[in-house]
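Trainee: I'm passing along start.cif; it holds mmCIF, C-alpha atoms.
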```cif
data_my_file
#
loop_
_atom_site.label_atom_id
_atom_site.label_comp_id
_atom_site.auth_asym_id
_atom_site.auth_seq_id
_atom_site.Cartn_x
_atom_site.Cartn_y
_atom_site.Cartn_z
CA MET Z 26 14.38 3.51 -24.32
CA LYS Z 27 10.99 1.83 -24.77
CA HIS Z 28 8.81 2.83 -27.70
CA VAL Z 29 5.03 3.11 -27.43
CA LEU Z 30 2.54 3.67 -30.24
CA LEU Z 31 -0.70 5.30 -29.14
CA LEU Z 32 -3.53 4.27 -31.46
CA ASN Z 33 -6.64 6.44 -31.57
CA LEU Z 34 -9.25 4.21 -33.24
CA HIS Z 35 -12.10 6.67 -32.78
CA GLN Z 36 -14.40 7.35 -35.72
CA LYS Z 37 -16.29 10.60 -35.46
CA TYR Z 38 -20.04 10.93 -35.74
CA GLU Z 39 -20.84 14.63 -35.58
CA GLY Z 40 -22.81 15.62 -32.50
CA PHE Z 41 -23.02 12.06 -31.22
CA ALA Z 42 -19.46 10.75 -30.93
CA ASN Z 43 -17.03 13.63 -31.30
CA GLY Z 44 -14.04 11.83 -29.79
CA ASN Z 45 -13.33 14.11 -26.85
CA LEU Z 46 -13.27 11.28 -24.29
CA THR Z 47 -10.94 9.25 -26.50
CA LYS Z 48 -8.61 12.25 -26.81
CA ASP Z 49 -8.66 12.84 -23.05
CA LEU Z 50 -7.81 9.19 -22.32
CA LEU Z 51 -5.00 9.24 -24.88
CA ALA Z 52 -3.62 12.49 -23.45
CA GLU Z 53 -3.53 10.83 -20.02
CA ALA Z 54 -1.78 7.77 -21.48
CA LYS Z 55 0.73 9.98 -23.32
CA SER Z 56 1.47 11.93 -20.15
CA PHE Z 57 2.01 8.67 -18.26
CA PHE Z 58 4.38 7.18 -20.84
CA LEU Z 59 6.39 10.38 -21.22
CA SER Z 60 6.74 10.63 -17.43
CA LYS Z 61 8.20 7.09 -17.44
CA GLY Z 62 10.76 7.94 -20.14
CA TYR Z 63 9.06 6.23 -23.08
CA GLU Z 64 9.35 7.56 -26.60
CA VAL Z 65 5.86 8.09 -28.00
CA ARG Z 66 4.40 8.08 -31.50
CA GLU Z 67 0.73 8.50 -32.30
CA THR Z 68 -1.87 7.66 -34.91
CA ALA Z 69 -5.42 9.01 -35.12
CA ILE Z 70 -7.17 7.05 -37.85
CA ASP Z 71 -9.89 9.68 -38.31
CA GLU Z 72 -7.18 12.07 -39.54
CA GLY Z 73 -6.09 9.64 -42.25
CA TYR Z 74 -3.07 7.38 -42.40
CA ASP Z 75 -0.57 5.84 -44.79
CA VAL Z 76 -0.19 2.06 -44.52
CA ALA Z 77 3.58 2.09 -45.15
CA GLU Z 78 4.09 4.77 -42.47
CA GLU Z 79 1.93 2.84 -40.02
CA LEU Z 80 3.92 -0.33 -40.61
CA GLU Z 81 7.10 1.58 -39.78
CA LYS Z 82 5.46 2.66 -36.52
CA PHE Z 83 4.44 -0.93 -35.76
CA LYS Z 84 7.99 -2.10 -36.47
CA TRP Z 85 9.41 0.65 -34.22
CA ALA Z 86 7.01 0.15 -31.28
CA ASP Z 87 7.57 -2.15 -28.33
CA ILE Z 88 4.10 -1.42 -26.97
CA PHE Z 89 0.76 -0.66 -28.59
CA PHE Z 90 -1.78 1.28 -26.54
CA VAL Z 91 -5.10 0.93 -28.33
CA GLN Z 92 -7.89 3.37 -27.42
CA SER Z 93 -11.24 2.73 -29.06
CA PRO Z 94 -14.92 3.33 -28.57
CA VAL Z 95 -17.15 0.30 -28.96
CA TYR Z 96 -19.82 0.86 -31.59
CA TRP Z 97 -22.49 -1.81 -31.99
CA MET Z 98 -20.49 -4.34 -29.97
CA GLY Z 99 -17.23 -3.94 -31.91
CA LEU Z 100 -14.65 -1.59 -33.35
CA PRO Z 101 -15.81 1.32 -35.50
CA TRP Z 102 -15.75 0.29 -39.17
CA LEU Z 103 -12.85 2.63 -39.92
CA ALA Z 104 -10.87 0.98 -37.11
CA LYS Z 105 -11.61 -2.48 -38.51
CA LYS Z 106 -10.43 -1.24 -41.93
CA TYR Z 107 -7.23 0.07 -40.33
CA VAL Z 108 -6.60 -3.24 -38.54
CA ASP Z 109 -7.20 -5.21 -41.75
CA GLU Z 110 -4.89 -2.99 -43.81
CA ILE Z 111 -2.05 -2.77 -41.29
CA PHE Z 112 -1.97 -6.36 -40.09
CA SER Z 113 -2.34 -7.74 -43.63
CA GLY Z 114 0.14 -5.19 -45.00
CA GLY Z 115 2.77 -6.35 -42.52
CA ASN Z 116 2.84 -9.92 -43.87
CA ASN Z 117 6.42 -11.26 -43.97
CA THR Z 118 7.83 -8.01 -42.57
CA VAL Z 119 6.22 -6.74 -39.36
CA THR Z 120 3.10 -8.57 -38.23
CA TYR Z 121 3.22 -12.23 -39.29
CA ALA Z 122 5.14 -14.58 -41.59
CA ASN Z 123 2.37 -17.11 -42.20
CA ASP Z 124 -0.48 -18.80 -40.34
CA GLY Z 125 2.02 -21.05 -38.54
CA ARG Z 126 1.13 -24.41 -40.06
CA SER Z 127 3.71 -26.42 -41.99
CA ARG Z 128 3.46 -29.38 -44.36
CA GLU Z 129 6.87 -30.46 -43.06
CA ASP Z 130 5.90 -30.28 -39.39
CA ALA Z 131 2.31 -31.25 -38.51
CA SER Z 132 2.84 -30.20 -34.88
CA LYS Z 133 2.93 -26.50 -35.83
CA GLN Z 134 -0.41 -24.94 -35.01
CA TYR Z 135 -2.57 -22.39 -36.75
CA GLY Z 136 -1.87 -18.91 -35.43
CA SER Z 137 1.77 -19.52 -34.55
CA GLY Z 138 3.45 -17.64 -37.39
CA GLY Z 139 3.54 -14.19 -35.80
CA LEU Z 140 6.51 -11.82 -35.93
CA MET Z 141 5.66 -9.64 -32.91
CA GLN Z 142 6.98 -11.90 -30.12
CA THR Z 143 8.79 -9.06 -28.34
CA LYS Z 144 5.83 -6.65 -28.45
CA LYS Z 145 3.02 -6.04 -25.95
CA TYR Z 146 -0.36 -4.39 -26.29
CA MET Z 147 -2.96 -2.83 -24.01
CA LEU Z 148 -6.57 -2.34 -25.04
CA SER Z 149 -8.66 0.50 -23.62
CA PHE Z 150 -12.35 0.81 -24.52
CA THR Z 151 -15.17 3.26 -23.97
CA TYR Z 152 -18.71 1.89 -23.63
CA ASN Z 153 -22.14 3.34 -23.17
CA CYS Z 154 -23.27 0.15 -21.40
CA PRO Z 155 -22.68 -0.24 -17.66
CA ALA Z 156 -19.84 -2.39 -16.35
CA SER Z 157 -22.46 -4.59 -14.65
CA GLU Z 158 -23.38 -6.09 -18.05
CA PHE Z 159 -20.03 -7.92 -18.12
CA ASP Z 160 -19.01 -10.93 -16.03
CA ASN Z 161 -22.71 -11.33 -15.29
CA PRO Z 162 -24.56 -14.49 -16.41
CA ASN Z 163 -27.81 -12.48 -16.41
CA GLY Z 164 -26.31 -9.46 -18.19
CA PHE Z 165 -26.54 -8.49 -21.83
CA PHE Z 166 -23.20 -10.14 -22.61
CA GLU Z 167 -24.33 -13.42 -21.00
CA GLY Z 168 -21.40 -13.75 -18.61
CA MET Z 169 -18.68 -12.63 -20.99
CA SER Z 170 -15.90 -10.35 -19.77
CA VAL Z 171 -14.82 -7.24 -21.68
CA ASP Z 172 -11.93 -9.26 -23.09
CA GLN Z 173 -14.21 -12.06 -24.24
CA ALA Z 174 -16.54 -9.54 -25.89
CA ASN Z 175 -13.52 -8.19 -27.81
CA VAL Z 176 -12.01 -11.55 -28.71
CA ALA Z 177 -11.48 -10.65 -32.39
CA LEU Z 178 -8.99 -7.86 -31.60
CA HIS Z 179 -7.21 -10.01 -29.02
CA LYS Z 180 -6.96 -12.87 -31.51
CA THR Z 181 -5.54 -10.52 -34.16
CA PHE Z 182 -2.69 -9.57 -31.83
CA GLN Z 183 -2.28 -13.20 -30.71
CA PHE Z 184 -2.02 -14.32 -34.35
CA CYS Z 185 0.92 -11.94 -34.65
CA ALA Z 186 2.45 -13.19 -31.35
CA ALA Z 187 2.05 -9.96 -29.34
CA THR Z 188 1.51 -10.32 -25.58
CA PRO Z 189 -1.63 -8.86 -23.96
CA LEU Z 190 -1.62 -6.64 -20.90
CA GLU Z 191 -4.63 -6.04 -18.67
CA THR Z 192 -7.48 -4.31 -20.52
CA TYR Z 193 -9.05 -1.06 -19.30
CA SER Z 194 -12.60 0.03 -20.00
CA VAL Z 195 -14.80 3.02 -19.22
CA HIS Z 196 -18.58 2.57 -18.96
CA ASP Z 197 -21.78 4.63 -18.94
CA VAL Z 198 -20.05 7.37 -20.90
CA TYR Z 199 -23.34 9.11 -21.80
CA LYS Z 200 -24.68 9.30 -18.25
CA SER Z 201 -25.20 12.82 -16.96
CA ASP Z 202 -23.05 12.11 -13.90
CA PHE Z 203 -20.12 10.63 -15.85
CA ASP Z 204 -16.90 11.62 -14.07
CA ILE Z 205 -14.03 12.16 -16.51
CA ASN Z 206 -11.55 12.74 -13.69
CA GLU Z 207 -12.37 9.37 -12.15
CA ALA Z 208 -11.98 7.69 -15.56
CA LEU Z 209 -8.56 9.31 -16.03
CA GLN Z 210 -7.41 8.35 -12.52
CA LYS Z 211 -8.45 4.75 -13.09
CA LEU Z 212 -6.65 4.70 -16.42
CA ARG Z 213 -3.46 5.97 -14.80
CA ALA Z 214 -3.79 3.25 -12.14
CA ALA Z 215 -4.24 0.60 -14.86
CA LEU Z 216 -1.21 1.92 -16.72
CA SER Z 217 0.84 1.92 -13.53
CA LYS Z 218 -0.13 -1.70 -12.92
CA ASN Z 219 0.66 -2.81 -16.49
CA PHE Z 220 3.90 -0.86 -16.74
CA ALA Z 221 5.26 -1.09 -13.19
#
```
Show me the file's structure as structure tokens.
Mentor:
Amino acid sequence: MKHVLLLNLHQKYEGFANGNLTKDLLAEAKSFFLSKGYEVRETAIDEGYDVAEELEKFKWADIFFVQSPVYWMGLPWLAKKYVDEIFSGGNNTVTYANDGRSREDASKQYGSGGLMQTKKYMLSFTYNCPASEFDNPNGFFEGMSVDQANVALHKTFQFCAATPLETYSVHDVYKSDFDINEALQKLRAALSKNFA
């Protein structure tokens, strides 16, 4: 049986970012994984967490499904704190052994000392900005894709040797005509594609 860890990286701001969309997307992901026979564990960082317990989850999981809002072009600060604590805390046990380089072997490259070679991850983001701002040389992100705009999180997983799956993102989340059902359907389609 495959093991999936659902990571809720939402940080609540009362009245502005309550986390309901994040919860809905994670509920859809959980339903999908359970329907496919996966065993599921969950973490919601806003509810608090214990680093040792999280590392056990990371050790147990085959797949990490990361759901996060994007605040000011990056992860919420609590999510960045979580990433720093968990990935650093797993040194020599779960996440990485070293940075990969070796005095004995100059051919070994930086970033090749990861311990998560058998694990995969999928990123899922919520944005207020429209999708048209990405992959657009004239857009705010100057031609960058969603993945390029989130390179730091991708590189963290790469440093630990985890394999990326196709990223999902939801846009214009504050528009009055935002369609949650469409967002959930598209997420299920992305999950079906990644976990066929």
Trainee: Anything within 10 Å of (3.8, -2.4, -45.4): list those residues as JSON, numbers by chain, counting all atoms listed in the file and sticking to the file's coordinates.
Mentor: {"Z": [75, 76, 77, 78, 79, 80, 81, 83, 84, 110, 111, 112, 113, 114, 115, 116, 117, 118, 119, 120]}
Trainee: Enumerate, as a ChimeraX atom specification, the protein, DNA and RNA residues whose atoms approach (0.6, -19.6, -34.7) to within 7 Å, taking into account only C-alpha atoms and the coordinate frame of the file.
Mentor: /Z:124-125,134-139,184
Trainee: Give me the residues of region 161-199 of chain Z that have any atom at most 12 Å from an atom of region 146-151 of chain Z; for each, the nearest atom pair and the distance in Å, rounded to one decimal. Use only C-alpha atoms, sort by chain and number, and format it as CSV.
Mentor:
```
residue,atom,partner,partner_atom,distance
Z:Val171,CA,Z:Phe150,CA,8.9
Z:Asp172,CA,Z:Leu148,CA,9.0
Z:Ala174,CA,Z:Phe150,CA,11.2
Z:Asn175,CA,Z:Leu148,CA,9.5
Z:Val176,CA,Z:Leu148,CA,11.3
Z:Leu178,CA,Z:Leu148,CA,8.9
Z:His179,CA,Z:Leu148,CA,8.7
Z:Lys180,CA,Z:Tyr146,CA,11.9
Z:Thr181,CA,Z:Tyr146,CA,11.2
Z:Phe182,CA,Z:Tyr146,CA,7.9
Z:Gln183,CA,Z:Tyr146,CA,10.0
Z:Cys185,CA,Z:Tyr146,CA,11.3
Z:Ala186,CA,Z:Tyr146,CA,10.5
Z:Ala187,CA,Z:Tyr146,CA,6.8
Z:Thr188,CA,Z:Tyr146,CA,6.3
Z:Pro189,CA,Z:Tyr146,CA,5.2
Z:Leu190,CA,Z:Met147,CA,5.1
Z:Glu191,CA,Z:Met147,CA,6.5
Z:Thr192,CA,Z:Leu148,CA,5.0
Z:Tyr193,CA,Z:Ser149,CA,4.6
Z:Ser194,CA,Z:Phe150,CA,4.6
Z:Val195,CA,Z:Thr151,CA,4.8
Z:His196,CA,Z:Thr151,CA,6.1
Z:Asp197,CA,Z:Thr151,CA,8.4
Z:Val198,CA,Z:Thr151,CA,7.1
Z:Tyr199,CA,Z:Thr151,CA,10.3
```
Trainee: Now that the selection is made, can you save its residues with C-alpha atoms as a CSV table (one decimal), keeping the file's coordinate frame?
Mentor:
```
chain,number,residue,atom,x,y,z
Z,171,VAL,CA,-14.8,-7.2,-21.7
Z,172,ASP,CA,-11.9,-9.3,-23.1
Z,174,ALA,CA,-16.5,-9.5,-25.9
Z,175,ASN,CA,-13.5,-8.2,-27.8
Z,176,VAL,CA,-12.0,-11.6,-28.7
Z,178,LEU,CA,-9.0,-7.9,-31.6
Z,179,HIS,CA,-7.2,-10.0,-29.0
Z,180,LYS,CA,-7.0,-12.9,-31.5
Z,181,THR,CA,-5.5,-10.5,-34.2
Z,182,PHE,CA,-2.7,-9.6,-31.8
Z,183,GLN,CA,-2.3,-13.2,-30.7
Z,185,CYS,CA,0.9,-11.9,-34.6
Z,186,ALA,CA,2.4,-13.2,-31.4
Z,187,ALA,CA,2.0,-10.0,-29.3
Z,188,THR,CA,1.5,-10.3,-25.6
Z,189,PRO,CA,-1.6,-8.9,-24.0
Z,190,LEU,CA,-1.6,-6.6,-20.9
Z,191,GLU,CA,-4.6,-6.0,-18.7
Z,192,THR,CA,-7.5,-4.3,-20.5
Z,193,TYR,CA,-9.0,-1.1,-19.3
Z,194,SER,CA,-12.6,0.0,-20.0
Z,195,VAL,CA,-14.8,3.0,-19.2
Z,196,HIS,CA,-18.6,2.6,-19.0
Z,197,ASP,CA,-21.8,4.6,-18.9
Z,198,VAL,CA,-20.0,7.4,-20.9
Z,199,TYR,CA,-23.3,9.1,-21.8
```
Trainee: Report, in Å with one decimal, the straight-line distance from CA of Ser56 (chain Z) to CA of Ala177 (chain Z).
Mentor: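 That distance, rounded to one decimal, is 28.8 Å.
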Trainee: Z:Asn161, Z:Gln36, Z:Gln92, Z:Gln173: which is nearest Asp49 (chain Z), counting all atoms listed in the file?
Mentor: Z:Gln92
Trainee: Let me make sure I understand: among Z:Lys61, Z:Glu39, Z:Pro162, Z:Lys144, which one has the smallest atom-to-atom distance to Ala221 (chain Z) if we use all atoms listed in the file?
Mentor: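 Under the stated criterion, the closest residue is Z:Lys61.
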Trainee: Expanded to explicit residues, what is the PyMOL selection byres ((chain Z and resi 211) around 12) for this file, as a tab-separated table (two decimals) with C-alpha atoms, in the coordinates of the input?
Mentor:
```
chain	number	residue	atom	x	y	z
Z	50	LEU	CA	-7.81	9.19	-22.32
Z	53	GLU	CA	-3.53	10.83	-20.02
Z	54	ALA	CA	-1.78	7.77	-21.48
Z	149	SER	CA	-8.66	0.50	-23.62
Z	192	THR	CA	-7.48	-4.31	-20.52
Z	193	TYR	CA	-9.05	-1.06	-19.30
Z	194	SER	CA	-12.60	0.03	-20.00
Z	195	VAL	CA	-14.80	3.02	-19.22
Z	196	HIS	CA	-18.58	2.57	-18.96
Z	204	ASP	CA	-16.90	11.62	-14.07
Z	205	ILE	CA	-14.03	12.16	-16.51
Z	206	ASN	CA	-11.55	12.74	-13.69
Z	207	GLU	CA	-12.37	9.37	-12.15
Z	208	ALA	CA	-11.98	7.69	-15.56
Z	209	LEU	CA	-8.56	9.31	-16.03
Z	210	GLN	CA	-7.41	8.35	-12.52
Z	212	LEU	CA	-6.65	4.70	-16.42
Z	213	ARG	CA	-3.46	5.97	-14.80
Z	214	ALA	CA	-3.79	3.25	-12.14
Z	215	ALA	CA	-4.24	0.60	-14.86
Z	216	LEU	CA	-1.21	1.92	-16.72
Z	217	SER	CA	0.84	1.92	-13.53
Z	218	LYS	CA	-0.13	-1.70	-12.92
```
Trainee: Out of Z:Tyr121, Z:Asp87, Z:Gly99, Z:Asn33, which residue has the shortest atom-to-atom distance to Asn45 (chain Z) when counting only C-alpha atoms?
Mentor: Z:Asn33
Trainee: Given the file shown, determine the residues that the PyMOL selection byres ((chain Z and resi 32) around 10) selects; report them as an mmCIF file with C-alpha atoms, in the coordinates of the input.
Mentor:
```cif
data_model
loop_
_atom_site.group_PDB
_atom_site.id
_atom_site.type_symbol
_atom_site.label_atom_id
_atom_site.label_comp_id
_atom_site.auth_asym_id
_atom_site.auth_seq_id
_atom_site.Cartn_x
_atom_site.Cartn_y
_atom_site.Cartn_z
ATOM 1 C CA VAL Z 29 5.030 3.110 -27.430
ATOM 2 C CA LEU Z 30 2.540 3.670 -30.240
ATOM 3 C CA LEU Z 31 -0.700 5.300 -29.140
ATOM 4 C CA ASN Z 33 -6.640 6.440 -31.570
ATOM 5 C CA LEU Z 34 -9.250 4.210 -33.240
ATOM 6 C CA HIS Z 35 -12.100 6.670 -32.780
ATOM 7 C CA LEU Z 51 -5.000 9.240 -24.880
ATOM 8 C CA ARG Z 66 4.400 8.080 -31.500
ATOM 9 C CA GLU Z 67 0.730 8.500 -32.300
ATOM 10 C CA THR Z 68 -1.870 7.660 -34.910
ATOM 11 C CA ALA Z 69 -5.420 9.010 -35.120
ATOM 12 C CA ILE Z 70 -7.170 7.050 -37.850
ATOM 13 C CA PHE Z 89 0.760 -0.660 -28.590
ATOM 14 C CA PHE Z 90 -1.780 1.280 -26.540
ATOM 15 C CA VAL Z 91 -5.100 0.930 -28.330
ATOM 16 C CA GLN Z 92 -7.890 3.370 -27.420
ATOM 17 C CA SER Z 93 -11.240 2.730 -29.060
ATOM 18 C CA ALA Z 104 -10.870 0.980 -37.110
ATOM 19 C CA LEU Z 148 -6.570 -2.340 -25.040
#
```
Trainee: Quick one, how far is CA of Gln142 (chain Z) from CA of Met169 (chain Z)?
Mentor: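 Separation between CA of Gln142 (chain Z) and CA of Met169 (chain Z): 27.2 Å.
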Trainee: To one decimal place in Å, what is the distance between CA of Gly73 (chain Z) and CA of Lys106 (chain Z)?
Mentor: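 Separation of CA of Gly73 (chain Z) and CA of Lys106 (chain Z): 11.7 Å.
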Trainee: Given the choices Z:Asn219, Z:Val108, Z:Ser201, Z:Tyr152, which gets closest to Leu46 (chain Z) if the distance is worked out from only C-alpha atoms?
Mentor: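 Closest to Leu46 (chain Z), using only C-alpha atoms: Z:Tyr152.
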Trainee: Tell me which of Z:Lys105, Z:Arg128, Z:Lys27, Z:Lys200 sits closest to Cys154 (chain Z), counting only C-alpha atoms.
Mentor: Z:Lys200
Trainee: Show which residues sit within 10 Å of Ser157 (chain Z), as a ChimeraX atom specification. Count all atoms listed in the file, and ignore same-chain residues fewer than 6 positions away.
Mentor: /Z:163-166,196
Trainee: Determine the residue membership of the PyMOL selection byres ((chain Z and resi 38) around 12) for the file above and supply it as a PyMOL selection string.
Mentor: chain Z and resi 35-37+39-45+71+94+96+101-103
